[in-house]
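Take a look at the structure below.
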Amino acid sequence: MSEKGQTIVRMKGISKAFPGVKALDQVDFDLRSGEVLALLGENGAGKSTLMKILSGVYQRDEGKLEIFSQDVEVGMGPRRAQELGVAIIHQELNMCRHLTVAENIFLGREICDKAGRLNTREMNRQAAEVLASMNVDIDPTTIVGSLSISKQQMVEIAKALSTHARVLIMDEPTSSLTGREIEDLFTIIRQLQDEGRGIVYISHRLEELHHIVDRVTILRDGQFITTLDFDKTTLPEIISYMVGRDIKEKYPRIETPKGKKVFEVKNLHAGRLVRDISFSAYEGEIIGIAGLVGAGRTETTRAIFGADPKESGQFFLDGKEIFINKPMDAIRQGVVLALTCPPILVPVSELVEI
Ligand SMILES: Nc1ncnc2c1ncn2[C@@H]1O[C@H](COP(=O)(O)OP(=O)(O)O)[C@@H](O)[C@H]1O
Ligand SMILES: [Mg+2]
């Protein structure tokens, strides 16, 4: 393992364009052994793209990349990056839901016996070992699809650790973890750091950074802004670099008059996740629906829109009850749903009727 504090990753002048977007423009980045470096920036700043280049998922258009003092040519794929000691835990979960935990952990690097047969027992043993080192209670023979989202995220982390990576990239690892799980993850991160690994930590939860972070690198609109020692900066300073202006108040208080009740949902039940949901929306109001991944937020909106069947519940628009059994009922009455994924397919025949 390299000595602590040595530069183990060096990226210089990295550029990357996607059709119509310059995702990265001449970005510099470096990572040292034994540090946790937070890579920060607003949504779309280019954080994931930069880390996908470092881990061989994307190819850079321009710039130099050095991993453990080795020049890396354009063309490095994920497998080569892994050989060089780089592992990434993606923002989006990348699990095969129908495979077991151990099968997922060893996907693409299965352990075989001398006759070339899968050595399931050994993979289960090693998977159990990694999971135990993380202090998580997951049986390696469990089918991944039956685990909660947060447990699946723990399996992703176990997968990265099992490659014995010396550069570990975590892209928003806590976005669906609960408080206790986040604490466990921080314990794991400190342990990895003590072993001299370098960790890139991407998170939009700035308030959690002080638990683990040594340095921060800030990107804005695909450009490198600055790198700072965490203990020599402050959160307001970090935020001002991220957004490019001084922020006096993160969420300024704006008064808006509350008008009359426009929409009401009463005792909505749909599927396993949506149980007895009631709320009202007033003129001029924006209502946030908060909850962890899997809490039923999307399912609630889909049930209201008629995209999923509901068992019971009532909707009122301007005080009058309306009936929504399919998306077109909702659209006709002026209730629409903007969803990114998965798309709701409305049959063309219904659209023509409008
Ligand atoms: N595969 C892709 N195809 C097209 N555009 C992309 C792709 N990946 C990222 N982008 C664009 O590149 C920019 C940077 O994205 P990203 O690296 O995901 O930012 P961040 O992780 O900081 O939120 C955004 O404008 C995004 O829309
Ligand atoms: Mg991202």
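If you're wondering about the labels, chains in the structure tokens are A, B, ... by order shown, residues count from 1 in each chain, ligands from 1 in order shown.
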As a ChimeraX atom specification, please: every protein or nucleic acid residue near ligand 2 (cut-off 12 Å, counting only C-alpha atoms and all ligand atoms).
/A:23,39-52,89-92,169-173,175,201-204,219,222
Enter the distance from atom CA of Lys64 of chain A to atom CA of Met11 of chain A, in Å, rounded to one decimal.
5.6 Å
Would you mind telling me which residue in A:Thr142, A:Asn124, A:Gln333, A:Thr217 lies nearest to ligand 1 when using only C-alpha atoms and all ligand atoms?
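Counting only C-alpha atoms and all ligand atoms, the residue closest to ligand 1 is A:Thr217.
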Considering only C-alpha atoms and all ligand atoms, can you say which of A:Asp318, A:Asp30, A:Asp221, A:Glu181 comes closest to ligand 1?
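Nearest candidate to ligand 1 out of A:Asp318, A:Asp30, A:Asp221, A:Glu181: A:Asp221.
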For ligand 1, which residue out of A:Ala330, A:Ala307, A:Ala115, A:Ile218 is the nearest one, using only C-alpha atoms and all ligand atoms?
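Closest residue, counting only C-alpha atoms and all ligand atoms: A:Ile218.
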Selection near Leu235 of chain A, 9 Å with only C-alpha atoms, sequence-local residues under 4 positions removed, as a ChimeraX atom specification
/A:206-207,239-240
Mind dumping the selected residues with N, CA and C atoms as a CSV table (one decimal), in the first residue's frame?
chain,number,residue,atom,x,y,z
A,206,LEU,N,-24.2,18.4,2.7
A,206,LEU,CA,-23.0,19.0,3.1
A,206,LEU,C,-22.8,18.9,4.6
A,207,GLU,N,-23.9,18.8,5.4
A,207,GLU,CA,-23.8,18.8,6.8
A,207,GLU,C,-23.1,17.5,7.3
A,239,ILE,N,-20.4,26.6,-0.2
A,239,ILE,CA,-21.7,26.8,-0.9
A,239,ILE,C,-21.5,28.0,-1.9
A,240,SER,N,-20.8,29.0,-1.5
A,240,SER,CA,-20.6,30.1,-2.4
A,240,SER,C,-19.8,29.7,-3.6
Work out how far apart atom 19 (O, counted along the ligand's line) of ligand 1 and atom CA of Arg253 of chain A are and give it in Å to one decimal.
28.2 Å
Measuring atom to atom with only C-alpha atoms and all ligand atoms, identify which of A:Gly13, A:Gly77, A:Gly20, A:Gly294 is nearest to ligand 1.
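Under the stated criterion, the closest residue is A:Gly20.
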For Gln6 of chain A: contacts at 12 Å, only C-alpha atoms, fewer than 2 positions along chain excluded, given as a PyMOL selection string:
chain A and resi 1-4+8-10+30-35+67-69+196-198
Segment 263-271 of chain A surroundings by only C-alpha atoms, 9 Å radius, close-in-sequence under 4 positions cut, as a short mmCIF file (atom, residue, chain, number, x, y, z; two decimals) with N, CA and C atoms, in the first residue's frame:
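Writing the result to out-v4.cif gives the following:
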data_model
loop_
_atom_site.label_atom_id
_atom_site.label_comp_id
_atom_site.auth_asym_id
_atom_site.auth_seq_id
_atom_site.Cartn_x
_atom_site.Cartn_y
_atom_site.Cartn_z
N ARG A 275 -50.68 3.88 1.84
CA ARG A 275 -51.68 3.53 2.84
C ARG A 275 -52.22 4.79 3.48
N ASP A 276 -53.48 5.04 3.26
CA ASP A 276 -54.21 6.11 3.95
C ASP A 276 -53.52 7.47 3.85
N ILE A 277 -53.29 7.92 2.63
CA ILE A 277 -52.64 9.21 2.40
C ILE A 277 -53.71 10.29 2.23
N SER A 278 -53.59 11.35 3.00
CA SER A 278 -54.51 12.49 2.88
C SER A 278 -53.69 13.78 2.91
N PHE A 279 -53.98 14.70 2.01
CA PHE A 279 -53.39 16.04 2.08
C PHE A 279 -54.19 17.00 1.20
N SER A 280 -53.98 18.29 1.44
CA SER A 280 -54.65 19.30 0.62
C SER A 280 -53.62 20.26 0.06
N ALA A 281 -53.87 20.75 -1.14
CA ALA A 281 -52.99 21.75 -1.74
C ALA A 281 -53.79 23.03 -1.94
N TYR A 282 -53.22 24.15 -1.47
CA TYR A 282 -53.89 25.45 -1.58
C TYR A 282 -53.26 26.26 -2.70
N GLU A 283 -53.99 27.21 -3.20
CA GLU A 283 -53.49 28.11 -4.23
C GLU A 283 -52.15 28.69 -3.83
N GLU A 299 -45.12 6.25 -5.81
CA GLU A 299 -46.34 5.44 -5.90
C GLU A 299 -47.57 6.28 -5.57
N THR A 300 -47.44 7.20 -4.61
CA THR A 300 -48.56 8.07 -4.26
C THR A 300 -48.96 8.93 -5.45
N ALA A 303 -50.57 6.85 -8.19
CA ALA A 303 -51.94 6.43 -7.87
C ALA A 303 -52.91 7.59 -8.07
N ILE A 304 -52.49 8.80 -7.70
CA ILE A 304 -53.35 9.98 -7.89
C ILE A 304 -53.63 10.19 -9.38
N ASP A 308 -51.44 3.89 -11.67
CA ASP A 308 -51.50 2.60 -10.97
C ASP A 308 -52.90 2.48 -10.36
N PRO A 309 -53.40 1.25 -10.24
CA PRO A 309 -54.74 1.09 -9.67
C PRO A 309 -54.77 1.45 -8.19
N LYS A 310 -55.89 1.99 -7.74
CA LYS A 310 -56.01 2.27 -6.29
C LYS A 310 -57.16 1.46 -5.73
N GLU A 311 -57.10 1.20 -4.42
CA GLU A 311 -58.18 0.43 -3.78
C GLU A 311 -59.29 1.36 -3.30
N SER A 312 -58.88 2.48 -2.71
CA SER A 312 -59.89 3.42 -2.22
C SER A 312 -59.29 4.80 -2.09
N GLY A 313 -60.13 5.76 -1.84
CA GLY A 313 -59.66 7.14 -1.68
C GLY A 313 -60.48 8.08 -2.54
N GLN A 314 -60.49 9.36 -2.14
CA GLN A 314 -61.26 10.36 -2.90
C GLN A 314 -60.38 11.53 -3.27
N PHE A 315 -60.69 12.16 -4.42
CA PHE A 315 -59.99 13.37 -4.84
C PHE A 315 -61.00 14.49 -5.02
N PHE A 316 -60.62 15.69 -4.61
CA PHE A 316 -61.49 16.86 -4.79
C PHE A 316 -60.74 17.97 -5.49
N LEU A 317 -61.34 18.53 -6.52
CA LEU A 317 -60.73 19.64 -7.24
C LEU A 317 -61.68 20.82 -7.09
N ASP A 318 -61.20 21.92 -6.55
CA ASP A 318 -62.04 23.08 -6.25
C ASP A 318 -63.30 22.67 -5.49
N GLY A 319 -63.15 21.76 -4.56
CA GLY A 319 -64.26 21.37 -3.69
C GLY A 319 -65.19 20.31 -4.27
#
Nearest to His98 of chain A by atom-to-atom distance, counting only C-alpha atoms, from A:Thr120, A:Gly334, A:Leu147, A:Ser133
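When distances to His98 of chain A are compared using only C-alpha atoms, the smallest one comes from A:Leu147.
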DSSP-assigned strand (DSSP E) among segment 154-234 of chain A, expressed as a PyMOL selection string:
chain A and resi 167-171+198-202+215-220+223-229
Output the selection as a CSV table (one decimal), in the first residue's frame - C-alpha atoms for each residue.
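Saved the output as part.csv:
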chain,number,residue,atom,x,y,z
A,167,VAL,CA,-9.0,4.3,-4.9
A,168,LEU,CA,-12.6,4.1,-3.9
A,169,ILE,CA,-15.2,6.4,-5.4
A,170,MET,CA,-18.6,6.8,-3.7
A,171,ASP,CA,-21.1,8.7,-5.7
A,198,GLY,CA,-7.9,7.2,-1.1
A,199,ILE,CA,-11.6,7.9,-1.1
A,200,VAL,CA,-13.6,10.2,-3.3
A,201,TYR,CA,-16.9,11.1,-1.6
A,202,ILE,CA,-19.7,12.7,-3.5
A,215,ARG,CA,-10.3,18.1,1.5
A,216,VAL,CA,-12.9,19.3,-0.9
A,217,THR,CA,-12.8,19.9,-4.6
A,218,ILE,CA,-15.5,22.0,-6.1
A,219,LEU,CA,-16.8,22.0,-9.7
A,220,ARG,CA,-19.3,24.4,-11.2
A,223,GLN,CA,-15.2,23.7,-14.5
A,224,PHE,CA,-12.7,23.2,-11.7
A,225,ILE,CA,-13.3,26.0,-9.1
A,226,THR,CA,-11.0,25.2,-6.2
A,227,THR,CA,-9.6,22.6,-3.8
A,228,LEU,CA,-9.6,23.4,-0.1
A,229,ASP,CA,-8.6,21.8,3.2
From segment 200-350 of chain A, collect each residue whose DSSP state is alpha helix (DSSP H) and return the set as a PyMOL selection string.
chain A and resi 235-243+297-305+327-332+348-350
Counting only C-alpha atoms and all ligand atoms, figure out which residue out of A:Ile189, A:Ile14, A:Val21, A:Ala127 gets nearest to ligand 1.
A:Val21
